Every structure is written in structure tokens, then in C-alpha cells.
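So this block is start_29.csv, CSV, C-alpha atoms:
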chain,number,residue,atom,x,y,z
A,1,MET,CA,110.7,9.6,80.1
A,2,SER,CA,110.9,12.8,82.1
A,3,LEU,CA,113.8,15.3,82.1
A,4,VAL,CA,114.8,14.2,85.5
A,5,GLU,CA,115.5,10.7,84.2
A,6,LEU,CA,117.8,11.9,81.5
A,7,PRO,CA,121.6,11.6,82.0
A,8,ALA,CA,123.2,15.0,82.7
A,9,GLU,CA,125.4,14.7,79.6
A,10,LEU,CA,122.3,14.2,77.3
A,11,LEU,CA,120.5,17.1,79.1
A,12,LEU,CA,123.5,19.3,78.5
A,13,ALA,CA,123.5,18.3,74.8
A,14,ILE,CA,119.8,19.2,74.6
A,15,ALA,CA,120.5,22.5,76.3
A,16,GLU,CA,123.2,23.3,73.7
A,17,HIS,CA,120.8,22.6,70.9
A,18,ILE,CA,118.1,24.8,72.4
A,19,SER,CA,120.7,27.7,72.8
A,20,TRP,CA,121.6,27.6,69.1
A,21,ASP,CA,119.8,29.3,66.2
A,22,PRO,CA,121.3,28.8,62.7
A,23,LYS,CA,120.8,32.5,61.8
A,24,HIS,CA,121.2,34.3,65.0
A,25,GLY,CA,123.7,32.1,66.8
A,26,TRP,CA,124.0,31.4,70.5
A,27,GLY,CA,121.6,32.7,73.2
A,28,SER,CA,121.8,31.3,76.7
A,29,TRP,CA,118.5,33.1,77.6
A,30,ARG,CA,116.7,30.4,75.6
A,31,LEU,CA,117.6,28.0,78.5
A,32,LEU,CA,115.6,29.8,81.2
A,33,PRO,CA,112.3,27.9,80.8
A,34,LEU,CA,114.3,24.6,80.8
A,35,ALA,CA,116.4,25.6,83.8
A,36,GLN,CA,113.3,26.6,85.7
A,37,SER,CA,111.7,23.2,85.3
A,38,CYS,CA,113.4,21.6,88.3
A,39,ARG,CA,116.5,21.8,90.5
A,40,TYR,CA,118.1,18.8,88.7
A,41,VAL,CA,117.7,20.3,85.3
A,42,SER,CA,119.0,23.6,86.5
A,43,SER,CA,122.1,22.1,88.0
A,44,SER,CA,122.7,20.0,84.8
A,45,VAL,CA,122.7,23.0,82.5
A,46,ALA,CA,124.4,25.3,84.9
A,47,PRO,CA,127.6,25.5,82.8
A,48,LEU,CA,125.5,27.2,80.0
A,49,ILE,CA,123.5,29.6,82.2
A,50,GLY,CA,125.0,33.0,81.9
A,51,SER,CA,127.4,31.9,79.2
A,52,SER,CA,126.6,34.9,77.0
A,53,VAL,CA,128.8,38.0,77.5
A,54,GLY,CA,127.2,41.2,76.4
A,55,HIS,CA,124.2,42.2,74.4
A,56,HIS,CA,125.9,44.6,72.0
A,57,GLU,CA,127.0,46.9,74.9
A,58,PRO,CA,130.3,48.8,74.3
A,59,TRP,CA,133.4,47.0,75.2
A,60,PRO,CA,135.1,46.8,77.7
A,61,LEU,CA,132.3,45.4,79.9
A,62,ARG,CA,133.4,46.1,83.5
A,63,SER,CA,130.9,43.6,84.9
A,64,ALA,CA,132.4,40.7,82.8
A,65,LEU,CA,136.0,41.6,83.6
A,66,GLN,CA,135.2,41.9,87.3
A,67,THR,CA,133.4,38.5,87.3
A,68,ILE,CA,136.5,36.9,85.7
A,69,HIS,CA,138.8,38.7,88.2
A,70,GLU,CA,136.7,37.4,91.1
A,71,THR,CA,136.0,33.9,89.6
A,72,PRO,CA,138.8,33.0,87.1
A,73,SER,CA,137.0,29.8,86.2
A,74,TYR,CA,134.1,31.8,84.7
A,75,ILE,CA,136.1,32.3,81.5
A,76,HIS,CA,135.7,28.6,80.7
A,77,ARG,CA,131.9,29.0,80.8
A,78,VAL,CA,131.8,31.7,78.1
A,79,ARG,CA,130.2,30.5,74.9
A,80,SER,CA,129.0,33.8,73.4
A,81,ILE,CA,130.5,37.4,73.1
A,82,ALA,CA,128.4,40.1,71.5
A,83,VAL,CA,129.7,43.6,72.1
A,84,GLY,CA,130.3,46.9,70.2
A,85,MET,CA,133.9,47.8,69.5
A,86,GLY,CA,133.5,51.4,68.7
A,87,PHE,CA,136.0,51.4,65.8
A,88,HIS,CA,138.8,50.2,68.1
A,89,ILE,CA,142.1,50.0,66.2
A,90,CYS,CA,144.6,47.6,67.8
A,91,GLY,CA,148.1,48.9,68.4
A,92,SER,CA,151.2,47.9,70.4
A,93,GLU,CA,149.4,48.8,73.7
A,94,CYS,CA,146.9,45.9,73.1
A,95,ALA,CA,149.6,43.4,73.8
A,96,ARG,CA,150.0,44.6,77.4
A,97,GLU,CA,148.4,42.4,80.1
A,98,GLU,CA,146.4,45.3,81.5
A,99,SER,CA,145.0,46.3,78.1
A,100,ASN,CA,141.3,46.6,77.7
A,101,CYS,CA,141.5,45.2,74.2
A,102,ILE,CA,139.1,42.3,73.6
A,103,ALA,CA,141.6,40.1,71.8
A,104,PRO,CA,143.2,38.7,75.0
A,105,PHE,CA,139.7,38.1,76.4
A,106,VAL,CA,138.7,36.1,73.3
A,107,ALA,CA,142.0,34.2,73.4
A,108,GLN,CA,141.2,33.0,77.0
A,109,CYS,CA,137.9,31.4,76.0
A,110,GLN,CA,138.8,30.5,72.4
A,111,HIS,CA,138.3,26.7,72.9
A,112,ASN,CA,134.7,27.0,74.1
A,113,LEU,CA,133.5,30.0,72.1
A,114,VAL,CA,130.7,29.3,69.7
A,115,HIS,CA,129.4,32.9,69.0
A,116,LEU,CA,131.4,36.0,68.3
A,117,ASP,CA,129.7,39.3,67.4
A,118,LEU,CA,132.0,42.3,67.3
A,119,TYR,CA,130.0,45.3,65.9
A,120,LYS,CA,132.2,48.1,64.4
A,121,SER,CA,135.3,45.9,64.5
A,122,THR,CA,138.2,47.1,62.4
A,123,ASN,CA,140.6,45.2,60.1
A,124,GLU,CA,143.3,45.8,62.7
A,125,LEU,CA,141.3,44.1,65.4
A,126,LEU,CA,140.6,41.1,63.2
A,127,HIS,CA,144.3,40.7,62.4
A,128,ASN,CA,145.0,40.9,66.1
A,129,LEU,CA,142.5,38.3,66.9
A,130,ALA,CA,144.0,36.0,64.2
A,131,SER,CA,147.4,36.4,65.8
A,132,THR,CA,146.4,36.0,69.5
A,133,THR,CA,144.2,32.9,69.1
A,134,ASP,CA,145.6,29.6,68.3
A,135,ALA,CA,142.3,28.2,67.1
A,136,LEU,CA,138.5,28.8,67.4
A,137,PRO,CA,137.6,25.1,66.9
A,138,ARG,CA,134.0,25.4,68.1
A,139,LEU,CA,133.1,28.9,66.7
A,140,ARG,CA,129.9,28.5,64.7
A,141,PHE,CA,128.7,32.2,64.4
A,142,LEU,CA,130.8,35.2,63.5
A,143,SER,CA,129.7,38.7,62.8
A,144,VAL,CA,132.2,41.5,62.2
A,145,GLY,CA,132.4,44.9,60.6
A,146,GLY,CA,129.8,47.7,60.9
A,147,ASP,CA,128.5,51.0,59.6
A,148,GLN,CA,131.4,53.3,58.5
A,149,VAL,CA,133.9,50.4,58.7
A,150,SER,CA,135.8,49.3,55.6
A,151,LEU,CA,136.1,45.6,56.1
A,152,SER,CA,138.9,43.8,54.2
A,153,ILE,CA,138.5,40.3,52.8
A,154,GLY,CA,142.1,39.8,53.8
A,155,ALA,CA,141.3,40.4,57.5
A,156,VAL,CA,138.3,38.1,57.2
A,157,VAL,CA,140.5,35.3,55.7
A,158,ALA,CA,143.1,35.8,58.4
A,159,LEU,CA,140.6,35.3,61.2
A,160,THR,CA,138.3,32.6,59.7
A,161,ARG,CA,141.2,30.3,58.9
A,162,HIS,CA,141.0,29.4,62.6
A,163,CYS,CA,137.3,28.6,62.4
A,164,PRO,CA,136.6,25.1,60.8
A,165,SER,CA,133.2,24.8,62.5
A,166,LEU,CA,131.8,28.1,61.2
A,167,GLU,CA,128.2,27.9,60.1
A,168,ALA,CA,126.9,31.5,60.1
A,169,LEU,CA,129.0,34.4,58.8
A,170,CYS,CA,127.9,38.1,58.8
A,171,LEU,CA,130.2,40.6,57.1
A,172,ILE,CA,129.1,44.2,57.4
A,173,SER,CA,130.6,46.9,55.1
A,174,LEU,CA,132.8,44.4,53.2
A,175,GLN,CA,134.9,46.3,50.7
A,176,SER,CA,135.9,45.1,47.2
A,177,GLY,CA,139.5,44.6,46.2
A,178,ASP,CA,142.3,43.1,48.3
A,179,ASN,CA,142.0,40.0,46.2
A,180,ILE,CA,145.7,39.2,46.5
A,181,MET,CA,144.9,38.2,50.1
A,182,ILE,CA,142.4,35.5,49.1
A,183,PRO,CA,144.1,32.1,49.3
A,184,LYS,CA,144.1,29.6,46.5
A,185,TRP,CA,142.8,26.8,48.8
A,186,SER,CA,139.1,26.5,49.7
A,187,ALA,CA,137.6,28.0,52.9
A,188,PRO,CA,138.0,25.8,55.9
A,189,PHE,CA,134.3,26.1,56.8
A,190,ARG,CA,130.9,24.9,55.4
A,191,LEU,CA,128.4,27.7,55.9
A,192,ARG,CA,124.7,27.4,56.4
A,193,TYR,CA,124.0,31.1,56.5
A,194,LEU,CA,126.0,34.0,54.8
A,195,HIS,CA,125.2,37.7,55.2
A,196,LEU,CA,127.1,40.1,53.0
A,197,ASP,CA,126.6,43.9,53.4
A,198,ALA,CA,128.8,45.5,50.9
A,199,GLY,CA,129.2,48.4,48.5
A,200,TYR,CA,129.0,45.8,45.9
A,201,VAL,CA,129.7,42.1,46.0
A,202,ASP,CA,133.2,41.2,44.9
A,203,ALA,CA,133.4,38.0,42.7
A,204,PRO,CA,136.6,36.5,44.0
A,205,ALA,CA,135.6,37.2,47.7
A,206,PHE,CA,132.2,35.7,47.2
A,207,ALA,CA,133.6,32.6,45.4
A,208,TRP,CA,136.1,32.0,48.3
A,209,LEU,CA,133.5,32.4,51.0
A,210,CYS,CA,131.3,29.8,49.4
A,211,SER,CA,134.1,27.6,48.1
A,212,SER,CA,133.3,24.8,50.7
A,213,SER,CA,129.6,25.6,51.1
A,214,VAL,CA,128.0,24.3,47.9
A,215,GLY,CA,125.1,22.2,49.0
A,216,SER,CA,125.3,23.3,52.7
A,217,LEU,CA,124.4,27.0,52.3
A,218,GLU,CA,120.7,27.3,53.2
A,219,HIS,CA,120.2,31.1,53.5
A,220,LEU,CA,122.0,33.9,51.7
A,221,THR,CA,121.5,37.6,52.6
A,222,ILE,CA,122.9,40.3,50.3
A,223,GLU,CA,122.7,44.0,50.8
A,224,THR,CA,124.3,46.5,48.4
A,225,ASP,CA,124.4,50.2,47.9
A,226,SER,CA,122.7,52.2,45.1
A,227,GLY,CA,125.6,51.7,42.7
A,228,GLU,CA,124.7,48.1,41.6
A,229,ASP,CA,123.4,47.2,38.2
A,230,VAL,CA,123.1,44.0,36.3
A,231,GLU,CA,126.3,44.6,34.4
A,232,GLY,CA,128.2,45.0,37.6
A,233,MET,CA,126.9,41.7,39.2
A,234,ALA,CA,130.0,39.7,38.1
A,235,TRP,CA,129.9,37.7,41.4
A,236,LEU,CA,127.1,35.6,39.9
A,237,ASN,CA,129.3,34.4,37.0
A,238,THR,CA,131.8,32.2,38.8
A,239,ASP,CA,131.3,28.4,38.9
A,240,THR,CA,131.2,28.4,42.7
A,241,ALA,CA,128.5,31.1,42.8
A,242,LYS,CA,126.4,29.3,40.2
A,243,LYS,CA,126.6,25.9,42.0
A,244,THR,CA,125.9,27.6,45.4
A,245,LEU,CA,122.8,29.4,44.1
A,246,ALA,CA,121.5,26.5,42.1
A,247,VAL,CA,120.6,24.6,45.3
A,248,LEU,CA,119.9,27.6,47.6
A,249,THR,CA,116.5,27.5,49.3
A,250,ARG,CA,116.3,30.9,51.1
A,251,LEU,CA,117.4,34.3,49.8
A,252,THR,CA,117.2,37.8,51.2
A,253,VAL,CA,118.2,40.5,48.7
A,254,HIS,CA,118.1,44.2,49.5
A,255,PHE,CA,119.0,45.8,46.2
A,256,HIS,CA,117.8,49.2,44.8
A,257,THR,CA,116.1,47.9,41.7
A,258,SER,CA,113.8,45.1,40.8
A,259,LEU,CA,115.9,44.4,37.7
A,260,CYS,CA,118.8,43.3,40.0
A,261,VAL,CA,116.5,41.1,42.1
A,262,ALA,CA,115.2,39.5,39.0
A,263,HIS,CA,118.7,38.9,37.7
A,264,VAL,CA,119.7,37.0,40.8
A,265,LEU,CA,116.5,34.9,40.7
A,266,GLY,CA,117.6,33.6,37.4
A,267,TYR,CA,120.3,31.6,39.2
A,268,THR,CA,118.1,30.1,42.0
A,269,PRO,CA,115.8,27.5,40.4
A,270,ASN,CA,115.2,25.7,43.8
A,271,LEU,CA,114.4,28.8,45.9
A,272,THR,CA,111.5,28.3,48.4
A,273,HIS,CA,111.6,31.6,50.4
A,274,LEU,CA,112.4,35.1,49.2
A,275,THR,CA,112.7,38.3,51.2
A,276,THR,CA,113.0,41.6,49.4
A,277,HIS,CA,111.8,45.2,49.5
A,278,ILE,CA,108.2,45.7,48.6
A,279,ASP,CA,109.2,48.2,45.9
A,280,THR,CA,111.8,46.0,44.3
A,281,LEU,CA,109.6,42.9,43.8
A,282,PRO,CA,110.1,41.8,40.2
A,283,ALA,CA,107.3,40.5,38.0
A,284,LEU,CA,105.6,37.4,39.4
A,285,TYR,CA,106.3,35.3,36.4
A,286,ILE,CA,110.1,35.7,37.2
A,287,LEU,CA,109.6,34.0,40.6
A,288,PRO,CA,110.9,30.4,40.7
A,289,PRO,CA,108.1,27.7,40.5
A,290,SER,CA,109.6,26.2,43.7
A,291,LEU,CA,108.8,29.4,45.7
A,292,ILE,CA,106.3,29.0,48.5
A,293,GLY,CA,107.1,32.0,50.8
A,294,LEU,CA,107.5,35.7,50.0
A,295,HIS,CA,108.4,38.2,52.7
A,296,LEU,CA,108.2,41.9,51.9
A,297,ASP,CA,110.3,44.4,53.7
A,298,ALA,CA,109.7,48.2,54.0
A,299,LEU,CA,110.2,50.5,51.0
A,300,TYR,CA,113.8,51.0,50.1
A,301,TYR,CA,113.4,54.6,49.2
A,302,TYR,CA,113.0,57.3,51.8
A,303,PRO,CA,111.1,59.6,52.0
A,304,LEU,CA,108.2,57.6,50.8
A,305,PRO,CA,106.9,58.0,47.3
A,306,ASP,CA,103.5,59.7,47.2
A,307,PRO,CA,101.3,58.0,46.4
A,308,PHE,CA,102.5,54.4,46.6
A,309,ALA,CA,100.4,51.5,45.6
A,310,PHE,CA,101.5,47.9,45.7
A,311,VAL,CA,100.6,46.4,42.3
A,312,PRO,CA,102.3,43.0,41.6
A,313,GLU,CA,103.1,42.6,37.9
A,314,GLY,CA,102.0,39.6,36.0
A,315,ARG,CA,101.0,36.1,37.3
A,316,LEU,CA,102.9,33.2,38.8
A,317,GLN,CA,104.5,30.7,36.4
A,318,GLN,CA,102.5,27.7,37.6
A,319,PRO,CA,98.7,28.1,37.8
A,320,HIS,CA,98.5,25.9,40.9
A,321,GLN,CA,101.5,27.5,42.7
A,322,ILE,CA,100.7,28.7,46.2
A,323,VAL,CA,102.9,31.6,47.5
A,324,THR,CA,102.2,32.9,51.0
A,325,VAL,CA,103.1,36.6,51.4
A,326,SER,CA,104.1,38.1,54.8
A,327,LEU,CA,105.0,41.7,55.8
A,328,SER,CA,107.5,43.3,58.0
A,329,ARG,CA,105.9,45.3,60.8
A,330,SER,CA,107.1,48.8,59.7
A,331,PRO,CA,105.5,52.2,59.3
A,332,TYR,CA,107.5,52.6,56.1
A,333,LEU,CA,105.7,50.0,53.9
A,334,GLY,CA,103.9,52.8,52.1
A,335,ALA,CA,100.6,51.0,51.8
A,336,SER,CA,98.2,49.6,54.3
A,337,SER,CA,98.1,45.9,55.0
A,338,GLN,CA,94.5,45.8,53.7
A,339,ASP,CA,95.5,47.3,50.4
A,340,ILE,CA,98.4,44.9,50.1
A,341,ALA,CA,96.1,42.0,50.9
A,342,LYS,CA,93.7,43.0,48.2
A,343,ALA,CA,96.6,43.4,45.7
A,344,CYS,CA,97.9,39.9,46.6
A,345,GLU,CA,94.4,38.4,46.1
A,346,ARG,CA,94.1,39.9,42.7
A,347,ALA,CA,97.6,38.6,41.7
A,348,GLY,CA,96.9,35.1,43.0
A,349,LEU,CA,99.1,35.4,46.1
A,350,GLN,CA,98.0,34.1,49.5
A,351,PHE,CA,98.3,37.0,52.0
A,352,CYS,CA,99.2,36.1,55.6
A,353,GLN,CA,98.3,38.8,58.1
Kindly present the structure from the file in C-alpha cells form.
Amino acid sequence: MSLVELPAELLLAIAEHISWDPKHGWGSWRLLPLAQSCRYVSSSVAPLIGSSVGHHEPWPLRSALQTIHETPSYIHRVRSIAVGMGFHICGSECAREESNCIAPFVAQCQHNLVHLDLYKSTNELLHNLASTTDALPRLRFLSVGGDQVSLSIGAVVALTRHCPSLEALCLISLQSGDNIMIPKWSAPFRLRYLHLDAGYVDAPAFAWLCSSSVGSLEHLTIETDSGEDVEGMAWLNTDTAKKTLAVLTRLTVHFHTSLCVAHVLGYTPNLTHLTTHIDTLPALYILPPSLIGLHLDALYYYPLPDPFAFVPEGRLQQPHQIVTVSLSRSPYLGASSQDIAKACERAGLQFCQ
């Protein structure tokens, strides 16, 4: 059966599937090859073409606002918003109709929105979004916070209580404390991907974020600052965290010490893929027997240590375990790919160029 023979409703469902990525969210640009196949296909997926607003440009986007002014129905086509908020702090002026605040814009397309990425968004903006939107029933991807932003778990709770369909959540510069704002009931969403960038991970916040995601969370990314140590990793000790990590298959950890990475791996017996810095890779015998993929990011420390040699410690637990190693393309790896390949071969790892 050709695409031309498919019902328009089915073709639209296929287009929605193509536009979605579990980790990166919505991208209508993925539809271009499909839309270019023939006129019928193009007309069938037309509601999704151009449904993405912004590519991390600063808000307000004059082009988007002008399009909506000229074609009011366009607001109902918007599926994705990805803009930079530049530390915008909502105030009384944001309630005015002529305000350039993004909250009223989000409220207009709240029922169709599946992707919301507001870089450098403040707690005030999140609370404003929570009060101006009745619900975000289809939202599947949410990324908030940013460098030099102190993101509060209370603001995150206020916004995400409207998001029952949320699958991917990225919280940048999440601060500890504010636990009084964490509700006693479980989170209303079941996550597949969670990205936490924090000074250090707060145990009550982590437990609430994962409270409904045991068994559904597939990929966890955690980045912390230089202050973490094993004694301070209390977020691992809650029942929810233990249950979540016990069935986790993909883990990305950007810590400062291999000791902390090794400590987390003790909670992930079913892990299949691990991403970490090349200089914080723990001894190979600590890696779970289920691991099949290891991705090495650039050196954490900068400037580069001189000299740096990648020398994996120990051997894998299982003599017949096959772990494929891949590298980030970065000038800061500190060792050539040839040297890393030889080190992998000596350690029994399979290097993938």
C-alpha cells in the first residue's frame, strides 16, 4: 500500500509519530521528506508543517506574533515552542493584553501543545504559566530553567500538575530545599526521560519526580557541581529512587569523580547503556553485567591535564560480556581516538570509531 492510499487520519498519526523523539521532543522539520513525497501527503500533514515556534531564539518572536495577528487560526497549529526567556520575571504588567510575556501565548495554544522549551525561565514565569493555563493535556516534553537560574521544585510542581501526559522533563539549575512545596500525592505524569542539572540532587524532589515513573523511566541524565560526594548522595536512598534505578536501562552521569559514578552504578543492575566523562569512568569490574554500550564524553576538567592517558582499570565482570565504546566528537577528550581504541582493546572493550 502506498502513502497515497492511506486515509488522511492515519497519515496524520504517522506524521505525529515521525515528529516526536522521546529525548528531544517535537520537531516538525522531520516531516519535510514526508511532505515532499506528493501533493496528497503534503496536504494531509499540512496542520503539522510549521507547527514549531522558535529554535531557541529570544522571546518575543515578532514573526510568530505577526503571523498570529494576520492569521488567528495559526495558534491552533502550534505544537512546539522553544525560545529563550532571558531571565524574564513576570509581574503585574504580564496580565495586560498587550504584554509580550509568553504566558498568554502558551495559554492560547495549551490544548494542542506537546513541546515547551523555555530556556532561562524563572520561577515567577513558571508560576505565571501555572495560573494562566487551565491544563496542558497533550504536553509531552518540558524543559525549564537555565544557567544562572535558581529553579525551585515548588515552581516545577505548580506547572507540571497540569501535565498528565508528560514523558520528557529537563530541569536545569534545580535548587535544593523548598521541600514544603512538594505534595504528598504522586506526580501526575509517567516519565520516560528525566534530565536533572542541579547543584546536588535533592532526595525529596527526586523521589517526587519519579513517584509515578517506576518501570516507565528509560533514560536518566544527572549533572551536578563539584560539591558532590558519596556521603551527600542521599537521593539514592529513598524507596522510589531504588525501585526506579533498579529497572533503568540508560544512564548519563556527569559527576566530578569516578567514585560517585561507581556509587550510582551499584543501584542499576539492569543498565544497558552508560554515558559519562572519560576521566570519571570507574573500574570496569564495577560496570553492570547487563551493560552493552559505553559512551565517553570529553574530559570534565579544564584545562586539560598534561599528559592524559586513557587507561581503563580492571576487566569486565563477565568474560564473554561485549561492551561497545563510542566517543563524543570533541577536541577536549585529551587523548587521540587511536590511543583510546588501543586502550579499549587491551581492556577487552570493543571500540566503535
Residues within 8 Å of Leu296 in chain A, please, as a PDB file with C-alpha atoms, in the coordinates of the input. Count only C-alpha atoms; anything in the same chain fewer than 5 positions from it doesn't count.
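See selection-v7.pdb below for the written result:
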ATOM      1  CA  THR A 275     112.700  38.300  51.200  1.00  0.00           C
ATOM      2  CA  THR A 276     113.000  41.600  49.400  1.00  0.00           C
ATOM      3  CA  HIS A 277     111.800  45.200  49.500  1.00  0.00           C
ATOM      4  CA  ILE A 278     108.200  45.700  48.600  1.00  0.00           C
ATOM      5  CA  VAL A 325     103.100  36.600  51.400  1.00  0.00           C
ATOM      6  CA  SER A 326     104.100  38.100  54.800  1.00  0.00           C
ATOM      7  CA  LEU A 327     105.000  41.700  55.800  1.00  0.00           C
ATOM      8  CA  SER A 328     107.500  43.300  58.000  1.00  0.00           C
TER       9      SER A 328
END
query = Smallest atom-to-atom distance to His56 in chain A: which of A:Ser143, A:Thr249, A:Ser99, A:Gln175, using only C-alpha atoms?
reply =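 For His56 in chain A, the nearest of the given residues is A:Ser143.
Proximity of A:Ala158, A:Leu139, A:Ile68, A:Leu118 to Leu171 in chain A, computed with only C-alpha atoms, is greatest for A:Leu118.
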task = Tell me, as a count of residues only, which residues lie within 10 Å of Ala234 in chain A, counting only C-alpha atoms; anything in the same chain fewer than 6 positions away does not count.
result = 6
request  = Have a look at CA of Phe189 in chain A and CA of Gln108 in chain A and let me know their distance in Å, one decimal.
outcome  =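 Computed distance, CA of Phe189 in chain A to CA of Gln108 in chain A, equals 22.4 Å.
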ask   = So how many Å separate CA of Ala246 in chain A and CA of Leu271 in chain A, to one decimal?
value =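 Between CA of Ala246 in chain A and CA of Leu271 in chain A the gap is 8.4 Å.
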Residue with smallest distance to Trp26 in chain A - pool A:Ala155, A:Val114, A:Leu166, A:Leu333, counting all atoms listed in the file =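 Selected residue with least distance to Trp26 in chain A: A:Val114.
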inquiry  = Which residue is closest to Glu124 in chain A? Choose from A:Asn100, A:Ser152, A:Asn112, A:Gln318 and count only C-alpha atoms.
reply    =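 Selected residue with least distance to Glu124 in chain A: A:Ser152.
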Rebuild range 307-324 of chain A so that it carries N, CA, C and O atoms, then output the result as an mmCIF file, in the frame of the given file.
data_model
loop_
_atom_site.group_PDB
_atom_site.id
_atom_site.type_symbol
_atom_site.label_atom_id
_atom_site.label_comp_id
_atom_site.auth_asym_id
_atom_site.auth_seq_id
_atom_site.Cartn_x
_atom_site.Cartn_y
_atom_site.Cartn_z
ATOM 1 N N PRO A 307 101.834 59.143 45.588
ATOM 2 C CA PRO A 307 101.300 58.000 46.400
ATOM 3 C C PRO A 307 102.080 56.724 46.027
ATOM 4 O O PRO A 307 102.728 56.638 44.994
ATOM 5 N N PHE A 308 101.966 55.707 46.898
ATOM 6 C CA PHE A 308 102.500 54.400 46.600
ATOM 7 C C PHE A 308 101.442 53.360 46.660
ATOM 8 O O PHE A 308 100.679 53.298 47.617
ATOM 9 N N ALA A 309 101.366 52.566 45.614
ATOM 10 C CA ALA A 309 100.400 51.500 45.600
ATOM 11 C C ALA A 309 101.121 50.194 45.216
ATOM 12 O O ALA A 309 101.917 50.171 44.274
ATOM 13 N N PHE A 310 100.872 49.145 45.976
ATOM 14 C CA PHE A 310 101.500 47.900 45.700
ATOM 15 C C PHE A 310 100.689 47.132 44.654
ATOM 16 O O PHE A 310 99.552 46.706 44.899
ATOM 17 N N VAL A 311 101.258 47.008 43.460
ATOM 18 C CA VAL A 311 100.600 46.400 42.300
ATOM 19 C C VAL A 311 101.515 45.323 41.741
ATOM 20 O O VAL A 311 102.357 45.665 40.896
ATOM 21 N N PRO A 312 101.443 44.066 42.183
ATOM 22 C CA PRO A 312 102.300 43.000 41.600
ATOM 23 C C PRO A 312 102.075 42.895 40.109
ATOM 24 O O PRO A 312 100.936 42.922 39.633
ATOM 25 N N GLU A 313 103.166 42.740 39.385
ATOM 26 C CA GLU A 313 103.100 42.600 37.900
ATOM 27 C C GLU A 313 103.012 41.187 37.502
ATOM 28 O O GLU A 313 103.801 40.354 37.946
ATOM 29 N N GLY A 314 102.076 40.885 36.589
ATOM 30 C CA GLY A 314 102.000 39.600 36.000
ATOM 31 C C GLY A 314 101.388 38.526 36.939
ATOM 32 O O GLY A 314 100.786 38.846 37.965
ATOM 33 N N ARG A 315 101.556 37.259 36.560
ATOM 34 C CA ARG A 315 101.000 36.100 37.300
ATOM 35 C C ARG A 315 102.161 35.131 37.575
ATOM 36 O O ARG A 315 103.193 35.154 36.926
ATOM 37 N N LEU A 316 101.946 34.217 38.521
ATOM 38 C CA LEU A 316 102.900 33.200 38.800
ATOM 39 C C LEU A 316 103.073 32.237 37.625
ATOM 40 O O LEU A 316 102.152 32.062 36.820
ATOM 41 N N GLN A 317 104.262 31.610 37.531
ATOM 42 C CA GLN A 317 104.500 30.700 36.400
ATOM 43 C C GLN A 317 103.566 29.532 36.381
ATOM 44 O O GLN A 317 103.021 29.182 35.329
ATOM 45 N N GLN A 318 103.355 28.921 37.548
ATOM 46 C CA GLN A 318 102.500 27.700 37.600
ATOM 47 C C GLN A 318 101.118 28.100 38.105
ATOM 48 O O GLN A 318 100.965 28.789 39.124
ATOM 49 N N PRO A 319 100.092 27.666 37.391
ATOM 50 C CA PRO A 319 98.700 28.100 37.800
ATOM 51 C C PRO A 319 98.300 27.569 39.153
ATOM 52 O O PRO A 319 97.451 28.186 39.797
ATOM 53 N N HIS A 320 98.899 26.467 39.623
ATOM 54 C CA HIS A 320 98.500 25.900 40.900
ATOM 55 C C HIS A 320 99.571 26.226 42.005
ATOM 56 O O HIS A 320 99.498 25.675 43.103
ATOM 57 N N GLN A 321 100.516 27.086 41.698
ATOM 58 C CA GLN A 321 101.500 27.500 42.700
ATOM 59 C C GLN A 321 100.943 28.306 43.781
ATOM 60 O O GLN A 321 100.203 29.266 43.511
ATOM 61 N N ILE A 322 101.246 27.983 45.029
ATOM 62 C CA ILE A 322 100.700 28.700 46.200
ATOM 63 C C ILE A 322 101.929 29.446 46.842
ATOM 64 O O ILE A 322 102.867 28.796 47.311
ATOM 65 N N VAL A 323 101.885 30.765 46.849
ATOM 66 C CA VAL A 323 102.900 31.600 47.500
ATOM 67 C C VAL A 323 102.295 32.405 48.576
ATOM 68 O O VAL A 323 101.386 33.201 48.322
ATOM 69 N N THR A 324 102.761 32.198 49.808
ATOM 70 C CA THR A 324 102.200 32.900 51.000
ATOM 71 C C THR A 324 103.070 34.196 51.171
ATOM 72 O O THR A 324 104.299 34.142 51.235
#
